[in-house]
Amino acid sequence: MEAQAVAKDWWLYHGTGEGADRRARLEAGPPPPWRRFNGVPDPEYAPPGCEGKAWRRTVERGEGYVPDEPEKDVVNTALLLRRPLLITGKPGVGKSSLAYSIATDLGLGPVLHWPITSRTVLRDGLYLYDAVGRLQEAGLEQLRPPGTAPAAPAAEPAAVPATAPAAEPAPVTAPSISRYLSLGPLGTALLPQDRPRVLLVDEIDKSDIDLPGDLLTVFEDGGFVIPELARLAKRSRTVPIGTADGLDATVRIEEGRVQCRYFPVVVLTSNGERDFPPAFLRRCVRLHLDAPGLGKLARIVRRRLGVDIETDEEYRELVRAFLDRAEDGDLATDQLLNAIQLRLAGAWSAPGDRDRFLDTVMQHLTGPTA
């Protein structure tokens with residue numbers, strides 16, 4: 001079996017949890033001169049902490065991840081340089097889980113998840129604007145009699161004297177737009193805070209060809225402008241809008257600009273379906289994850305399921321079968337965990353069921369039998 005790596009003094013991320021002291025070092029550590037940002041936090045906004053359903057989901061996914069020493073070296077390099085971490089590897093090797101492991105280990109709050117498709121554009125990650133809803137509101141404003149205001153529920157509209165001069169329709173005020181704007185996962189991650197959020201940009205290789213290039217400016221500037229709010233800055237300098245953390249989470253945006261203070265921990269995953277431009281790669285710290293070997297699988301099984309394959313021949317045989325089948329096509333680690341969980345539950349225990357059992361739970365993801 002592989003030996004456990006000895007923690008290095010410069011590491012912030014260990015992958016073992018209980019990282020309050022290391023989180024303090026992360027917050028206090030000076031950034032490189034070229035990664036300093038000057039965003040001013042909203043004193044009335046507090047990002048979600050280490051509690052609640054979203055945090056429990058992060059912990060459930062992150063605490064079972066078992067990083068190797070080379071992985072810890074690369075992750076900590078990205079943390080210290082405050083650069084995005086681009087993780088490549090075949091499906092099922094744990095690329096996305098590593099983002100949750102970082103958040104769990106350092107207590108950075110729930111992971112912000114931005115799944116990428118071929119139709120995703122940069123604005124989807126920065127902010128969402130319900131233009132149709134805003135137009136509908138504007139239409140209703142035009143239909144109201146001059147000088148009247150929207151009627152509150154269960155209240156009669158105030159009477160307008162017949163001799164009163166006709167009033168101009170009240171302009172749509174800046175605060176009204178806040179109901180139709182909310183920050184996306186990337187926009188929320190870039191809010192100014194003294195502690196970074198973890199943002200998972202999942203399967204960026206599935207994106208439109210322009211998205212990696214569009215991200216470069218945001219990654220370099222550590223911020224962006226919401227044009228709909230910037231145009232209203234003279235009337236309302238500060239406008240509260242929602243965040244990706246839920247309807248109840250709001251933050252005040254000043255003059256339409258979001259500017260980070262501490263660059264977020266950005267984890268981008270790729271299954272290798274496309275290449276990225278050199279300018280994009282230059283701004284990322286890259287990590288390639290290979291399929292885990294016997295030693296790492298043993299540690300994963302022990303941490304996730306409490307099974308020690310060194311002392312239990314039945315489950316050691318399942319790990320060997322998993323590795324043998326992986327030679328003919330890709331398998332995901334969770335397929336091995338599913339197989340062991342079924343055997344722990346007493347399923348597929350008859351000796352004659354072995355081949356059908358393996359064919360059922362360890363189907364290849366690639367190769368001639370996929």
# chains A, B, ... in the order shown; residues from 1 in each chain; ligands from 1
>>> residues_around(residues="Gly213 in chain A", least_positions_apart="4", cutoff="8 Å", atoms="only C-alpha atoms", output="VMD selection string")
chain A and resid 217 277 279 to 280
>>> residues_around(residues="Asp194 in chain A", least_positions_apart="6", cutoff="10 Å", atoms="only C-alpha atoms", output="PyMOL selection string")
chain A and resi 26-28+39-41+260-263
>>> write_last_selection(atoms="N, CA and C atoms", output="mmCIF file, in the first residue's frame")
data_model
loop_
_atom_site.group_PDB
_atom_site.id
_atom_site.type_symbol
_atom_site.label_atom_id
_atom_site.label_comp_id
_atom_site.auth_asym_id
_atom_site.auth_seq_id
_atom_site.Cartn_x
_atom_site.Cartn_y
_atom_site.Cartn_z
ATOM 1 N N LEU A 26 -4.597 31.200 5.576
ATOM 2 C CA LEU A 26 -5.073 31.519 4.223
ATOM 3 C C LEU A 26 -5.572 32.954 4.162
ATOM 4 N N GLU A 27 -6.364 33.366 5.150
ATOM 5 C CA GLU A 27 -6.932 34.709 5.165
ATOM 6 C C GLU A 27 -5.860 35.775 5.364
ATOM 7 N N ALA A 28 -4.869 35.459 6.209
ATOM 8 C CA ALA A 28 -3.854 36.456 6.538
ATOM 9 C C ALA A 28 -2.712 36.516 5.529
ATOM 10 N N GLY A 39 -11.746 45.418 -3.580
ATOM 11 C CA GLY A 39 -13.181 45.468 -3.330
ATOM 12 C C GLY A 39 -13.483 45.782 -1.873
ATOM 13 N N VAL A 40 -14.574 46.518 -1.654
ATOM 14 C CA VAL A 40 -14.987 46.907 -0.304
ATOM 15 C C VAL A 40 -16.226 46.097 0.074
ATOM 16 N N PRO A 41 -16.162 45.287 1.127
ATOM 17 C CA PRO A 41 -17.306 44.449 1.499
ATOM 18 C C PRO A 41 -18.518 45.277 1.926
ATOM 19 N N CYS A 260 -13.872 41.848 -6.352
ATOM 20 C CA CYS A 260 -13.476 40.984 -5.245
ATOM 21 C C CYS A 260 -12.413 41.658 -4.385
ATOM 22 N N ARG A 261 -12.260 41.151 -3.191
ATOM 23 C CA ARG A 261 -11.197 41.569 -2.285
ATOM 24 C C ARG A 261 -10.165 40.442 -2.162
ATOM 25 N N TYR A 262 -10.679 39.235 -2.042
ATOM 26 C CA TYR A 262 -9.854 38.024 -2.023
ATOM 27 C C TYR A 262 -10.318 37.173 -3.191
ATOM 28 N N PHE A 263 -9.432 36.883 -4.139
ATOM 29 C CA PHE A 263 -9.846 36.126 -5.314
ATOM 30 C C PHE A 263 -10.359 34.752 -4.889
#
>>> residues_around(residues="Trp10 in chain A", least_positions_apart="6", cutoff="10 Å", atoms="only C-alpha atoms", output="VMD selection string")
chain A and resid 22 25 73 76 to 77 80
>>> closest_atom_pairs(of="range 255-352 of chain A", to="range 230-233 of chain A", cutoff="12 Å", atoms="only C-alpha atoms", output="CSV")
residue,atom,partner,partner_atom,distance
A:Glu255,CA,A:Ala233,CA,4.9
A:Gly256,CA,A:Ala230,CA,4.3
A:Arg257,CA,A:Ala230,CA,7.3
A:Val258,CA,A:Ala230,CA,10.7
>>> write_last_selection(atoms="C-alpha atoms", output="tab-separated table (two decimals), in the first residue's frame")
chain	number	residue	atom	x	y	z
A	255	GLU	CA	-22.38	51.79	-9.07
A	256	GLY	CA	-23.06	48.49	-10.80
A	257	ARG	CA	-19.61	46.99	-10.14
A	258	VAL	CA	-18.71	43.78	-8.37
>>> atom_distance(atom1="CA of Leu98 in chain A", atom2="CA of His288 in chain A")
11.9 Å
>>> atom_distance(atom1="CA of Tyr127 in chain A", atom2="CA of Leu215 in chain A")
13.8 Å
>>> residues_around(residues="Pro33 in chain A", least_positions_apart="2", cutoff="12 Å", atoms="only C-alpha atoms", output="list in words")
Pro30, Pro31, Arg35, Arg36, Phe37, Leu80, Leu81 and Arg82 of chain A
>>> write_last_selection(atoms="C-alpha atoms", output="mmCIF file, in the first residue's frame")
data_model
loop_
_atom_site.group_PDB
_atom_site.id
_atom_site.type_symbol
_atom_site.label_atom_id
_atom_site.label_comp_id
_atom_site.auth_asym_id
_atom_site.auth_seq_id
_atom_site.Cartn_x
_atom_site.Cartn_y
_atom_site.Cartn_z
ATOM 1 C CA PRO A 30 -0.399 38.246 1.450
ATOM 2 C CA PRO A 31 -1.320 37.806 -2.209
ATOM 3 C CA ARG A 35 -3.258 39.473 -7.534
ATOM 4 C CA ARG A 36 -4.219 42.280 -5.167
ATOM 5 C CA PHE A 37 -7.803 43.505 -5.397
ATOM 6 C CA LEU A 80 -0.999 30.717 -2.661
ATOM 7 C CA LEU A 81 -0.879 32.208 -6.162
ATOM 8 C CA ARG A 82 -4.646 32.919 -6.076
#
>>> select_by_dssp(residues="range 161-363 of chain A", states="alpha helix (DSSP H)", output="JSON, numbers by chain")
{"A": [174, 175, 176, 177, 185, 186, 187, 188, 189, 211, 212, 213, 214, 215, 216, 217, 218, 219, 220, 221, 227, 228, 229, 230, 278, 279, 280, 281, 282, 294, 295, 296, 297, 298, 299, 300, 301, 302, 303, 304, 305, 313, 314, 315, 316, 317, 318, 319, 320, 321, 322, 323, 324, 325, 326, 333, 334, 335, 336, 337, 338, 339, 340, 341, 342, 343, 344, 354, 355, 356, 357, 358, 359, 360, 361]}
>>> residues_around(residues="Ile241 in chain A", least_positions_apart="4", cutoff="7 Å", atoms="only C-alpha atoms", output="PyMOL selection string")
chain A and resi 178+181-182+250-252
>>> atom_distance(atom1="CA of Leu358 in chain A", atom2="CA of Ala321 in chain A")
8.1 Å
